[in-house]
Every structure is written in C-alpha cells, then in structure tokens.
>>> print(open('query_30.csv').read())   # CSV, C-alpha atoms
chain,number,residue,atom,x,y,z
A,121,MET,CA,-54.4,-35.1,57.3
A,122,GLY,CA,-56.6,-33.6,54.5
A,123,PRO,CA,-54.7,-31.8,51.7
A,124,ILE,CA,-51.4,-32.7,53.4
A,125,ASP,CA,-51.8,-36.2,52.0
A,126,GLU,CA,-51.4,-34.7,48.5
A,127,ILE,CA,-48.7,-32.3,49.5
A,128,LEU,CA,-46.3,-34.5,51.6
A,129,GLN,CA,-45.8,-38.1,50.6
A,130,PRO,CA,-44.6,-40.8,53.0
A,131,GLY,CA,-40.8,-40.9,53.0
A,132,ILE,CA,-39.1,-37.5,52.3
A,133,THR,CA,-40.4,-34.7,50.1
A,134,GLU,CA,-37.9,-32.0,49.0
A,135,THR,CA,-39.3,-28.6,49.7
A,136,VAL,CA,-38.2,-25.0,50.4
A,137,VAL,CA,-38.9,-24.0,54.0
A,138,THR,CA,-39.5,-20.3,54.9
A,139,THR,CA,-39.0,-18.8,58.3
A,140,LEU,CA,-38.7,-15.4,60.0
A,141,SER,CA,-36.0,-14.3,62.4
A,142,ILE,CA,-37.1,-12.9,65.7
A,143,ASP,CA,-36.8,-9.4,64.2
A,144,GLY,CA,-38.8,-10.4,61.1
A,145,LYS,CA,-36.2,-11.0,58.4
A,146,PRO,CA,-37.3,-13.8,56.0
A,147,ASN,CA,-35.2,-16.8,55.2
A,148,ALA,CA,-35.6,-19.7,52.8
A,149,ALA,CA,-33.7,-23.0,52.6
A,150,PRO,CA,-34.3,-26.4,50.9
A,151,MET,CA,-35.4,-29.0,53.4
A,152,GLY,CA,-36.5,-32.6,53.2
A,153,ILE,CA,-39.7,-33.1,55.1
A,154,VAL,CA,-39.8,-36.6,56.6
A,155,ARG,CA,-43.3,-38.1,56.8
A,156,GLN,CA,-43.6,-41.3,58.8
A,157,ASN,CA,-47.2,-42.4,59.3
A,158,ASP,CA,-48.8,-39.2,60.7
A,159,SER,CA,-45.7,-37.7,62.1
A,160,LEU,CA,-43.8,-34.9,60.3
A,161,TYR,CA,-40.2,-33.8,61.1
A,162,ILE,CA,-37.0,-32.3,59.6
A,163,ARG,CA,-33.4,-33.4,60.3
A,164,MET,CA,-32.0,-29.9,60.5
A,165,PHE,CA,-28.4,-28.7,60.6
A,166,PRO,CA,-28.1,-26.8,63.9
A,167,GLY,CA,-25.8,-24.1,62.4
A,168,SER,CA,-28.3,-23.0,59.8
A,169,ASN,CA,-30.4,-19.8,59.7
A,170,THR,CA,-33.5,-21.9,59.5
A,171,PHE,CA,-32.6,-23.7,62.7
A,172,ARG,CA,-31.9,-20.4,64.5
A,173,ASN,CA,-35.2,-18.9,63.3
A,174,VAL,CA,-37.2,-22.0,64.2
A,175,SER,CA,-35.6,-22.2,67.7
A,176,GLY,CA,-36.6,-18.5,68.2
A,177,THR,CA,-40.1,-18.4,66.7
A,178,GLY,CA,-41.4,-22.0,66.7
A,179,LYS,CA,-42.9,-21.5,63.2
A,180,LEU,CA,-42.1,-22.4,59.6
A,181,VAL,CA,-43.8,-22.8,56.2
A,182,ILE,CA,-43.2,-25.7,53.9
A,183,ASN,CA,-43.4,-24.6,50.3
A,184,ILE,CA,-43.8,-27.0,47.3
A,185,VAL,CA,-42.1,-25.3,44.4
A,186,ASP,CA,-40.6,-26.6,41.2
A,187,ASP,CA,-38.2,-23.8,40.3
A,188,PRO,CA,-34.7,-25.4,40.3
A,189,VAL,CA,-33.1,-21.9,40.7
A,190,VAL,CA,-35.0,-21.4,44.0
A,191,PHE,CA,-33.7,-24.7,45.4
A,192,VAL,CA,-30.1,-23.9,44.4
A,193,CYS,CA,-30.0,-20.2,45.5
A,194,SER,CA,-31.8,-20.7,48.8
A,195,ALA,CA,-29.4,-23.5,49.7
A,196,PHE,CA,-26.4,-21.1,49.7
A,197,ARG,CA,-27.5,-17.5,49.7
A,198,ASP,CA,-30.3,-15.2,50.8
A,199,LEU,CA,-33.1,-15.3,48.2
A,200,ASP,CA,-33.9,-12.1,46.5
A,201,GLU,CA,-36.8,-10.2,48.2
A,202,SER,CA,-38.9,-10.7,45.0
A,203,TYR,CA,-39.2,-14.4,45.8
A,204,TYR,CA,-41.1,-13.8,49.0
A,205,VAL,CA,-44.9,-13.2,49.3
A,206,PRO,CA,-45.4,-11.8,52.8
A,207,GLN,CA,-48.3,-13.4,54.8
A,208,PRO,CA,-50.1,-12.0,57.9
A,209,GLY,CA,-49.0,-13.8,61.1
A,210,MET,CA,-46.8,-16.4,59.5
A,211,PRO,CA,-43.5,-16.7,57.5
A,212,PRO,CA,-43.8,-15.7,53.8
A,213,LEU,CA,-44.6,-18.0,50.9
A,214,ILE,CA,-42.3,-18.5,47.9
A,215,THR,CA,-43.5,-16.9,44.6
A,216,GLY,CA,-45.1,-19.5,42.4
A,217,VAL,CA,-45.8,-21.9,45.2
A,218,TYR,CA,-48.0,-24.9,44.3
A,219,ALA,CA,-48.9,-25.8,47.9
A,220,TRP,CA,-47.9,-24.8,51.4
A,221,VAL,CA,-48.2,-26.0,55.0
A,222,TYR,CA,-47.8,-23.6,57.9
A,223,CYS,CA,-46.4,-25.5,60.9
A,224,GLU,CA,-45.6,-25.1,64.5
A,225,ALA,CA,-42.1,-26.5,65.0
A,226,ARG,CA,-40.6,-27.9,68.2
A,227,VAL,CA,-36.8,-28.6,68.4
A,228,GLU,CA,-36.4,-32.0,70.0
A,229,GLY,CA,-33.3,-33.5,68.4
A,230,THR,CA,-35.1,-33.4,65.1
A,231,VAL,CA,-37.5,-30.6,64.4
A,232,ARG,CA,-41.1,-31.9,65.0
A,233,LEU,CA,-43.8,-30.3,62.9
A,234,THR,CA,-47.5,-29.8,63.8
A,235,PRO,CA,-49.5,-28.5,60.7
A,236,VAL,CA,-51.6,-25.5,61.5
A,237,LYS,CA,-52.9,-24.4,58.1
A,238,SER,CA,-52.3,-25.6,54.5
A,239,GLU,CA,-53.4,-24.8,51.0
A,240,ILE,CA,-53.1,-26.3,47.5
A,241,VAL,CA,-52.8,-23.3,45.2
A,242,ARG,CA,-52.4,-25.1,41.9
A,243,ARG,CA,-51.5,-28.4,40.4
A,244,ARG,CA,-49.7,-29.6,37.2
A,245,VAL,CA,-49.1,-32.7,35.2
A,246,PRO,CA,-46.4,-34.5,37.2
A,247,ARG,CA,-43.9,-34.8,34.3
A,248,PHE,CA,-40.5,-36.1,35.5
A,249,SER,CA,-37.1,-34.8,34.4
A,250,ARG,CA,-33.8,-36.4,35.3
A,251,GLY,CA,-32.3,-33.0,34.7
A,252,PHE,CA,-34.3,-31.4,37.6
A,253,ALA,CA,-33.5,-34.5,39.8
A,254,ALA,CA,-29.8,-33.9,39.0
A,255,VAL,CA,-30.0,-30.3,40.1
A,256,ILE,CA,-31.5,-31.3,43.4
A,257,ASP,CA,-28.9,-34.0,43.9
A,258,ALA,CA,-26.1,-31.6,43.1
A,259,ALA,CA,-27.4,-29.0,45.5
A,260,VAL,CA,-27.6,-31.6,48.3
A,261,THR,CA,-24.1,-32.7,47.5
A,262,GLY,CA,-23.0,-29.0,47.4
A,263,THR,CA,-24.2,-28.4,51.0
A,264,ARG,CA,-22.0,-31.3,52.1
A,265,LEU,CA,-19.0,-30.4,50.0
A,266,LYS,CA,-16.7,-29.6,53.0
A,267,PHE,CA,-17.2,-33.2,54.1
A,268,LEU,CA,-17.2,-34.8,50.7
A,269,GLY,CA,-14.3,-32.9,49.1
A,270,GLU,CA,-13.1,-34.0,45.6
A,271,GLU,CA,-15.5,-37.0,45.6
A,272,GLY,CA,-18.4,-34.5,46.0
A,273,LYS,CA,-17.1,-32.2,43.2
A,274,LYS,CA,-16.9,-35.3,40.9
A,275,LYS,CA,-20.6,-36.2,41.7
A,276,ILE,CA,-21.7,-32.6,40.9
A,277,ARG,CA,-19.8,-32.7,37.6
A,278,GLU,CA,-21.6,-35.9,36.7
A,279,ASP,CA,-25.0,-34.3,37.6
A,280,ALA,CA,-24.0,-31.4,35.4
A,281,VAL,CA,-23.6,-33.7,32.4
A,282,LEU,CA,-27.1,-35.1,33.1
A,283,VAL,CA,-28.6,-31.6,33.3
A,284,GLU,CA,-27.0,-30.6,30.0
A,285,LYS,CA,-28.5,-33.7,28.4
A,286,CYS,CA,-32.0,-33.8,30.0
A,287,GLY,CA,-32.6,-30.5,31.7
A,288,THR,CA,-34.9,-27.5,30.9
A,289,PRO,CA,-33.4,-24.1,30.4
A,290,ALA,CA,-34.2,-23.4,34.1
A,291,ASP,CA,-32.3,-26.6,35.2
A,292,LYS,CA,-29.3,-25.5,33.2
A,293,GLU,CA,-29.4,-22.0,34.7
A,294,ALA,CA,-29.7,-23.5,38.2
A,295,MET,CA,-26.7,-25.7,37.5
A,296,ARG,CA,-24.7,-22.8,36.1
A,297,ARG,CA,-25.3,-20.8,39.3
A,298,LEU,CA,-24.5,-23.8,41.5
A,299,LYS,CA,-21.1,-24.3,39.9
A,300,GLU,CA,-20.5,-20.6,40.2
A,301,ILE,CA,-21.4,-20.5,43.9
A,302,LEU,CA,-19.3,-23.6,44.6
A,303,ASP,CA,-16.5,-22.5,42.2
A,304,ILE,CA,-16.5,-25.8,40.3
B,60,MET,CA,-48.4,-26.9,20.9
B,61,GLY,CA,-51.4,-26.4,23.4
B,62,PRO,CA,-51.5,-28.9,26.3
B,63,ILE,CA,-48.3,-30.4,25.1
B,64,ASP,CA,-46.5,-27.5,26.7
B,65,GLU,CA,-47.6,-28.7,30.1
B,66,ILE,CA,-47.1,-32.4,29.3
B,67,LEU,CA,-43.6,-32.4,27.7
B,68,GLN,CA,-41.0,-29.9,28.9
B,69,PRO,CA,-38.0,-28.8,26.9
B,70,GLY,CA,-35.1,-31.2,27.4
B,71,ILE,CA,-36.1,-34.8,28.2
B,72,THR,CA,-39.3,-36.0,30.0
B,73,GLU,CA,-39.4,-39.6,31.3
B,74,THR,CA,-42.6,-41.3,30.2
B,75,VAL,CA,-44.0,-44.7,29.5
B,76,VAL,CA,-44.7,-45.3,25.8
B,77,THR,CA,-47.4,-47.7,24.7
B,78,THR,CA,-47.5,-49.3,21.2
B,79,LEU,CA,-49.4,-52.1,19.5
B,80,SER,CA,-47.7,-54.9,17.4
B,81,ILE,CA,-49.0,-55.4,13.9
B,82,ASP,CA,-51.3,-58.2,15.2
B,83,GLY,CA,-52.6,-55.9,18.0
B,84,LYS,CA,-50.6,-57.0,21.1
B,85,PRO,CA,-50.0,-54.1,23.5
B,86,ASN,CA,-46.5,-53.2,24.8
B,87,ALA,CA,-45.2,-50.6,27.2
B,88,ALA,CA,-41.7,-49.3,27.9
B,89,PRO,CA,-40.1,-46.3,29.6
B,90,MET,CA,-38.9,-43.8,27.1
B,91,GLY,CA,-37.4,-40.3,27.4
B,92,ILE,CA,-39.1,-37.9,25.1
B,93,VAL,CA,-36.7,-35.3,23.8
B,94,ARG,CA,-38.3,-31.9,23.1
B,95,GLN,CA,-36.1,-29.3,21.3
B,96,ASN,CA,-38.1,-26.2,20.4
B,97,ASP,CA,-41.2,-27.6,18.6
B,98,SER,CA,-39.6,-30.9,17.6
B,99,LEU,CA,-40.2,-34.1,19.5
B,100,TYR,CA,-38.2,-37.3,19.1
B,101,ILE,CA,-37.0,-40.5,20.9
B,102,ARG,CA,-33.6,-42.1,20.8
B,103,MET,CA,-34.8,-45.6,20.7
B,104,PHE,CA,-32.8,-48.9,21.0
B,105,PRO,CA,-33.4,-50.7,17.6
B,106,GLY,CA,-33.7,-54.2,19.3
B,107,SER,CA,-36.7,-53.3,21.4
B,108,ASN,CA,-40.4,-54.3,21.1
B,109,THR,CA,-41.3,-50.6,21.0
B,110,PHE,CA,-39.0,-50.1,18.0
B,111,ARG,CA,-40.4,-53.1,16.2
B,112,ASN,CA,-44.0,-51.9,16.8
B,113,VAL,CA,-43.3,-48.3,15.8
B,114,SER,CA,-41.6,-49.5,12.7
B,115,GLY,CA,-44.6,-51.6,11.8
B,116,THR,CA,-47.5,-49.4,12.7
B,117,GLY,CA,-46.1,-45.8,12.8
B,118,LYS,CA,-48.0,-45.0,16.0
B,119,LEU,CA,-47.3,-44.6,19.7
B,120,VAL,CA,-48.8,-43.1,22.8
B,121,ILE,CA,-46.7,-41.1,25.4
B,122,ASN,CA,-48.1,-41.7,28.9
B,123,ILE,CA,-47.3,-39.4,31.9
B,124,VAL,CA,-47.5,-41.7,34.9
B,125,ASP,CA,-45.9,-41.5,38.4
B,126,ASP,CA,-46.1,-45.1,39.5
B,127,PRO,CA,-42.5,-46.3,40.0
B,128,VAL,CA,-43.6,-49.9,39.7
B,129,VAL,CA,-44.9,-49.2,36.1
B,130,PHE,CA,-41.5,-47.7,35.1
B,131,VAL,CA,-39.5,-50.6,36.5
B,132,CYS,CA,-41.7,-53.5,35.3
B,133,SER,CA,-42.3,-52.1,31.8
B,134,ALA,CA,-38.5,-51.6,31.4
B,135,PHE,CA,-37.9,-55.4,31.6
B,136,ARG,CA,-41.1,-57.4,31.3
B,137,ASP,CA,-44.5,-57.4,29.7
B,138,LEU,CA,-46.9,-55.3,31.9
B,139,ASP,CA,-49.8,-57.1,33.4
B,140,GLU,CA,-53.0,-56.7,31.2
B,141,SER,CA,-54.7,-54.8,34.0
B,142,TYR,CA,-52.3,-51.8,33.4
B,143,TYR,CA,-53.7,-51.2,29.9
B,144,VAL,CA,-56.8,-49.2,29.1
B,145,PRO,CA,-57.7,-50.0,25.4
B,146,GLN,CA,-58.5,-47.1,23.1
B,147,PRO,CA,-60.3,-47.1,19.8
B,148,GLY,CA,-57.9,-46.6,16.9
B,149,MET,CA,-54.7,-46.0,18.9
B,150,PRO,CA,-52.4,-47.8,21.4
B,151,PRO,CA,-53.8,-48.3,24.9
B,152,LEU,CA,-53.3,-45.8,27.8
B,153,ILE,CA,-51.7,-46.8,31.1
B,154,THR,CA,-54.0,-47.1,34.1
B,155,GLY,CA,-53.8,-43.9,36.2
B,156,VAL,CA,-52.3,-41.8,33.4
B,157,TYR,CA,-52.1,-38.1,34.2
B,158,ALA,CA,-51.8,-37.0,30.6
B,159,TRP,CA,-51.2,-38.6,27.2
B,160,VAL,CA,-50.1,-37.7,23.7
B,161,TYR,CA,-51.0,-39.9,20.7
B,162,CYS,CA,-48.3,-39.5,18.0
B,163,GLU,CA,-47.5,-40.5,14.5
B,164,ALA,CA,-43.9,-41.9,14.6
B,165,ARG,CA,-41.4,-41.9,11.8
B,166,VAL,CA,-38.1,-43.9,12.1
B,167,GLU,CA,-35.4,-41.6,10.7
B,168,GLY,CA,-32.3,-42.5,12.8
B,169,THR,CA,-34.1,-41.2,15.9
B,170,VAL,CA,-37.9,-41.7,16.0
B,171,ARG,CA,-39.6,-38.4,15.0
B,172,LEU,CA,-42.9,-37.7,16.6
B,173,THR,CA,-45.9,-35.8,15.3
B,174,PRO,CA,-48.6,-35.3,17.9
B,175,VAL,CA,-52.1,-36.2,16.7
B,176,LYS,CA,-54.2,-35.9,19.8
B,177,SER,CA,-53.5,-35.3,23.5
B,178,GLU,CA,-55.3,-34.9,26.8
B,179,ILE,CA,-54.6,-33.8,30.4
B,180,VAL,CA,-56.7,-36.2,32.5
B,181,ARG,CA,-55.7,-34.9,35.9
B,182,ARG,CA,-53.0,-33.0,37.8
B,183,ARG,CA,-51.4,-33.1,41.2
B,184,VAL,CA,-49.1,-31.0,43.4
B,185,PRO,CA,-45.6,-31.5,42.0
B,186,ARG,CA,-44.0,-32.8,45.1
B,187,PHE,CA,-40.5,-34.1,44.5
B,188,SER,CA,-38.9,-37.2,46.0
B,189,ARG,CA,-35.3,-38.2,45.7
B,190,GLY,CA,-36.6,-41.8,46.2
B,191,PHE,CA,-38.7,-41.8,43.0
B,192,ALA,CA,-35.7,-40.2,41.2
B,193,ALA,CA,-33.4,-42.9,42.4
B,194,VAL,CA,-35.8,-45.6,41.1
B,195,ILE,CA,-35.9,-44.1,37.7
B,196,ASP,CA,-32.1,-43.7,37.7
B,197,ALA,CA,-31.7,-47.4,38.8
B,198,ALA,CA,-34.1,-48.6,36.1
B,199,VAL,CA,-32.1,-46.6,33.4
B,200,THR,CA,-28.9,-48.1,34.7
B,201,GLY,CA,-30.5,-51.6,34.8
B,202,THR,CA,-31.3,-51.4,31.1
B,203,ARG,CA,-27.6,-50.8,30.4
B,204,LEU,CA,-26.2,-53.3,32.8
B,205,LYS,CA,-24.6,-55.5,30.2
B,206,PHE,CA,-22.5,-52.6,29.2
B,207,LEU,CA,-21.9,-51.2,32.7
B,208,GLY,CA,-21.2,-54.4,34.5
B,209,GLU,CA,-20.1,-54.2,38.2
B,210,GLU,CA,-20.0,-50.4,38.0
B,211,GLY,CA,-23.7,-50.4,37.1
B,212,LYS,CA,-24.6,-52.7,40.0
B,213,LYS,CA,-22.8,-50.5,42.4
B,214,LYS,CA,-24.8,-47.5,41.1
B,215,ILE,CA,-28.0,-49.4,41.6
B,216,ARG,CA,-27.1,-50.3,45.2
B,217,GLU,CA,-26.4,-46.6,45.9
B,218,ASP,CA,-29.8,-45.8,44.5
B,219,ALA,CA,-31.4,-48.5,46.7
B,220,VAL,CA,-29.9,-46.8,49.8
B,221,LEU,CA,-31.5,-43.5,48.7
B,222,VAL,CA,-34.9,-45.2,48.1
B,223,GLU,CA,-34.8,-46.8,51.6
B,224,LYS,CA,-34.1,-43.4,53.1
B,225,CYS,CA,-36.4,-41.1,51.0
B,226,GLY,CA,-38.8,-43.3,49.1
B,227,THR,CA,-42.6,-44.0,49.4
B,228,PRO,CA,-43.8,-47.6,49.9
B,229,ALA,CA,-44.3,-47.7,46.1
B,230,ASP,CA,-40.7,-46.6,45.5
B,231,LYS,CA,-39.5,-49.3,47.8
B,232,GLU,CA,-41.6,-52.0,46.1
B,233,ALA,CA,-40.4,-50.9,42.7
B,234,MET,CA,-36.7,-51.1,43.9
B,235,ARG,CA,-37.4,-54.5,45.4
B,236,ARG,CA,-38.7,-55.7,42.1
B,237,LEU,CA,-35.8,-54.2,40.1
B,238,LYS,CA,-33.2,-55.9,42.3
B,239,GLU,CA,-35.2,-59.2,41.9
B,240,ILE,CA,-35.4,-58.8,38.1
B,241,LEU,CA,-31.7,-57.9,37.8
B,242,ASP,CA,-30.6,-60.5,40.5
B,243,ILE,CA,-28.8,-57.8,42.5
>>> encode(input="query_30.csv", output="structure tokens")
Amino acid sequence: MGPIDEILQPGITETVVTTLSIDGKPNAAPMGIVRQNDSLYIRMFPGSNTFRNVSGTGKLVINIVDDPVVFVCSAFRDLDESYYVPQPGMPPLITGVYAWVYCEARVEGTVRLTPVKSEIVRRRVPRFSRGFAAVIDAAVTGTRLKFLGEEGKKKIREDAVLVEKCGTPADKEAMRRLKEILDI
Amino acid sequence: MGPIDEILQPGITETVVTTLSIDGKPNAAPMGIVRQNDSLYIRMFPGSNTFRNVSGTGKLVINIVDDPVVFVCSAFRDLDESYYVPQPGMPPLITGVYAWVYCEARVEGTVRLTPVKSEIVRRRVPRFSRGFAAVIDAAVTGTRLKFLGEEGKKKIREDAVLVEKCGTPADKEAMRRLKEILDI
C-alpha cells in the first residue's frame, strides 16, 4: 500500500478523521483506524457527526497529528476554524499534519475504507511520552463516561497524575481542557 | 540544545539507556529521561546495572527506539549481543536507533546528564498506538511488581487486553515475552 505502510500500522492507529457535511461544514474527531492485512476500517459510533457525514458523502481524511489538544477538543467539540486547511475536492487537513490518507468510505456495519490518495508531509524522531499516552487514554475514557460513570472518572484522574508527572506543556493543557469539558 | 530539542521533549521521554561496565560489558535498560527547561536527569534505581555502570564510568547513551521487544527484554534481562552496535569511546547504540544522545552522567541523588554528542539517524511518521503504550505501561508495572503485587498483575492483564485489541505483531510478541518473564 505504498506510504500507507508507514502511516497506518497493523492493529489500530489513533488518528483524527476529518469529514464534510453534505452542505460543506468541516468536522474532526479522533478515530482509531483498524488495519488488518490490507483491509482498513473504523468501528464508528452511529450517533456521531463523523458517521452522519460519511454516510452522506462517502469520503473522509485520516490525519496523523501529535497535538494532544487537537485529540481532546475534537473528541467533544467543534474544532476552531483555524485548525482546518481546506483542500480541493476532499475534506480538509488538520494544521500541522504529519501525514494523511484520503479515503472512500462505505458504511457496512463497520466503515470500510478504500485509500484514494495519501501523502507524508513530514516526519520526526518517534520519542514516546507516557504523558501523551495518558491524554489519549483519558480522552477515550471521556467519550465513554456515560457508560463508565464514577469508574471512568477515577481512571481519568489517574491519567491526570501521569500527565502531570510525564507530560509536555501541551499534554498538561490538553488534560486541563479535558477535565474542564467533562467537569472532573 | 540543537537536535536534543527534537529528541527529548519537556517532561519525561521513555528511552533505552546503554552503558558499559568498568570491564567493558554492555548493558541496556529502559529509562525515562526527565527534561526540565535545559536540565536533563534520570531518577535511577540504585540497585540496577545501569546505576552501577554509570557510577563507575560516568557515561551513558540515550537511545530513541520504537521496538517494544527491546523495551521489555532490556527491562528484565541482558539484551542479545545482536542488539548492540559498538561505538568507539562510548557505550554502544541499540540496533535500529532513531536518535541518540551520548552524555556525561553525575550521580547526585538523581543522575544528572550533560550531553556531549548527539545524532538524529532517521525519522518516521509519528503514528500512535495504544497497543505500544500498553506494552510500555505493563513493562513499567512489571519492574515494580514486588511492591504492587496482585494489583500490579491485574494492571498488566488489562494492558494485555489492549495490546491484543490495538497492538502490532511486535507489540503482541513483546507482551507475550513480558508475561512469560513475569510468569503472569
């Protein structure tokens, strides 16, 4: 699959997916892209804006970003306009994207993806922070909070401790916003 | 600090540190590198081989790697010789390293680091996997298992579920080895 081998690993890659509504309004949301052999799909919550947009337009863009604030904010709110870089004939990219994959998307239980076009914009040293990982973990837990209840809030507070200990200033800012959004 | 800004982020970066014993035997162990403003240090367990080597030689190399098997194996066992790339006048690099920082190391409560030489060897798209993060988390928990007991084993089993769901084949292999080493 060419550059896609470097962009999407086997298993699940955490990305931010951009879509357009039928009347052209951009949306972004964190989505795990499942890669099994050469098949790509997303297990998508049917009530989401992304699901509605994909059902209507059949298109989405997978964005590889490393800004924890983008993951947190796009999970719960509309991203600020300044985060979108409009593209001709496809959904927008996210500002600062490392790589992207524009896909045709078919809803068949899961959302099946067929890559149409992709690009690696830039690369970096793959340094790993448990602080960033804790932000992603907390954001995932946050989207399931109505099912997880107090247990979920406890998990987010534990992640917040890890972010304070290991995180970058951006990780700390993302966690601050997450707790504000979730009122934790 | 030049390339170090790309290699070591503020907060804690999870790396594999290589050292040599006084008689020249290589050692590797996962270590979180703390960066606070322009100061670099490691909170190191005084009983470890790394601590003994650093106390004896005053030198170490920080390796940025993304192979989960290297993190797991070096945490508990001697790495196989084939993982080391010998270097003149400094501890070896780890095979496949993305970037490294050779440091002078002073034991003063924590281990204070002064970078001497560094190199970015290659870069990649910073795709993020919760599977890889779960392996690192489980390895950290594993090194503290004698303090954490059954609670720690439960945490590792939860990480193992995440690795099965999100991980690459390498993440799954690393978790298999971790559970084997810890007899979980």
>>> residues_around(input="query_30.csv", residues="B:Ser107", least_positions_apart="2", cutoff="12 Å", atoms="all atoms listed in the file", output="short mmCIF file (atom, residue, chain, number, x, y, z; two decimals) with C-alpha atoms, in the coordinates of the input")
data_model
loop_
_atom_site.label_atom_id
_atom_site.label_comp_id
_atom_site.auth_asym_id
_atom_site.auth_seq_id
_atom_site.Cartn_x
_atom_site.Cartn_y
_atom_site.Cartn_z
CA THR B 78 -47.50 -49.30 21.20
CA SER B 80 -47.70 -54.90 17.40
CA ASN B 86 -46.50 -53.20 24.80
CA ALA B 87 -45.20 -50.60 27.20
CA ALA B 88 -41.70 -49.30 27.90
CA PRO B 89 -40.10 -46.30 29.60
CA MET B 90 -38.90 -43.80 27.10
CA ARG B 102 -33.60 -42.10 20.80
CA MET B 103 -34.80 -45.60 20.70
CA PHE B 104 -32.80 -48.90 21.00
CA PRO B 105 -33.40 -50.70 17.60
CA THR B 109 -41.30 -50.60 21.00
CA PHE B 110 -39.00 -50.10 18.00
CA ARG B 111 -40.40 -53.10 16.20
CA ASN B 112 -44.00 -51.90 16.80
CA VAL B 113 -43.30 -48.30 15.80
CA SER B 114 -41.60 -49.50 12.70
CA SER B 133 -42.30 -52.10 31.80
CA ALA B 134 -38.50 -51.60 31.40
CA PHE B 135 -37.90 -55.40 31.60
CA ARG B 136 -41.10 -57.40 31.30
CA THR B 202 -31.30 -51.40 31.10
#
>>> closest_residue(input="query_30.csv", among="B:Pro145, B:Ile81, B:Ile121, B:Pro185", to="B:Cys162", atoms="all atoms listed in the file")
B:Ile121
>>> interface_residues(input="query_30.csv", of="chain B", to="chain A", cutoff="6 Å", atoms="only C-alpha atoms", output="ChimeraX atom specification")
/B:69-73,182-185,187-188,225-227
>>> closest_residue(input="query_30.csv", among="B:Thr173, B:Gln146, B:Thr154, B:Ser98", to="B:Gly117", atoms="all atoms listed in the file")
B:Thr173
>>> residues_around(input="query_30.csv", residues="A:Val192", least_positions_apart="4", cutoff="7 Å", atoms="all atoms listed in the file", output="PyMOL selection string")
chain A and resi 188+259+294+298
>>> closest_residue(input="query_30.csv", among="B:Met149, B:Leu204, B:Ile215, B:Ile101", to="B:Ser177", atoms="only C-alpha atoms")
B:Met149
>>> closest_residue(input="query_30.csv", among="A:Gly144, A:Gly262, A:Tyr204, A:Thr138", to="A:Ile301", atoms="only C-alpha atoms")
A:Gly262
>>> closest_residue(input="query_30.csv", among="B:Ala164, B:Val220, B:Val199, B:Val144", to="B:Arg235", atoms="only C-alpha atoms")
B:Val220
>>> closest_residue(input="query_30.csv", among="A:Arg226, A:Lys237, A:Gly269, A:Cys193", to="A:Met295", atoms="all atoms listed in the file")
A:Cys193
>>> atom_distance(input="query_30.csv", atom1="atom CA of A:Val255", atom2="atom CA of A:Ala280")
7.7 Å
>>> build_atoms(input="query_30.csv", residues="stretch 255-271 of chain A", atoms="N, CA and C atoms", output="tab-separated table (two decimals), in the coordinates of the input")
chain	number	residue	atom	x	y	z
A	255	VAL	N	-30.22	-31.57	39.41
A	255	VAL	CA	-30.00	-30.30	40.10
A	255	VAL	C	-30.17	-30.42	41.58
A	256	ILE	N	-31.25	-31.07	42.00
A	256	ILE	CA	-31.50	-31.30	43.40
A	256	ILE	C	-30.38	-32.07	44.06
A	257	ASP	N	-30.00	-33.15	43.37
A	257	ASP	CA	-28.90	-34.00	43.90
A	257	ASP	C	-27.63	-33.20	44.02
A	258	ALA	N	-27.31	-32.39	43.03
A	258	ALA	CA	-26.10	-31.60	43.10
A	258	ALA	C	-26.13	-30.56	44.18
A	259	ALA	N	-27.32	-29.97	44.40
A	259	ALA	CA	-27.40	-29.00	45.50
A	259	ALA	C	-27.25	-29.63	46.84
A	260	VAL	N	-27.82	-30.82	47.02
A	260	VAL	CA	-27.60	-31.60	48.30
A	260	VAL	C	-26.14	-31.85	48.48
A	261	THR	N	-25.50	-32.37	47.43
A	261	THR	CA	-24.10	-32.70	47.50
A	261	THR	C	-23.28	-31.38	47.83
A	262	GLY	N	-23.69	-30.27	47.20
A	262	GLY	CA	-23.00	-29.00	47.40
A	262	GLY	C	-23.01	-28.54	48.86
A	263	THR	N	-24.12	-28.79	49.55
A	263	THR	CA	-24.20	-28.40	51.00
A	263	THR	C	-23.30	-29.22	51.85
A	264	ARG	N	-22.85	-30.36	51.32
A	264	ARG	CA	-22.00	-31.30	52.10
A	264	ARG	C	-20.57	-31.29	51.59
A	265	LEU	N	-20.23	-30.30	50.75
A	265	LEU	CA	-19.00	-30.40	50.00
A	265	LEU	C	-17.75	-30.33	50.95
A	266	LYS	N	-17.88	-29.66	52.09
A	266	LYS	CA	-16.70	-29.60	53.00
A	266	LYS	C	-16.40	-30.98	53.60
A	267	PHE	N	-17.42	-31.85	53.66
A	267	PHE	CA	-17.20	-33.20	54.10
A	267	PHE	C	-16.78	-34.15	52.99
A	268	LEU	N	-17.36	-33.88	51.79
A	268	LEU	CA	-17.20	-34.80	50.70
A	268	LEU	C	-15.97	-34.53	49.81
A	269	GLY	N	-15.51	-33.27	49.81
A	269	GLY	CA	-14.30	-32.90	49.10
A	269	GLY	C	-14.35	-33.24	47.61
A	270	GLU	N	-13.25	-33.76	47.07
A	270	GLU	CA	-13.10	-34.00	45.60
A	270	GLU	C	-14.16	-34.96	45.10
A	271	GLU	N	-14.51	-35.97	45.92
A	271	GLU	CA	-15.50	-37.00	45.60
A	271	GLU	C	-16.89	-36.25	45.30
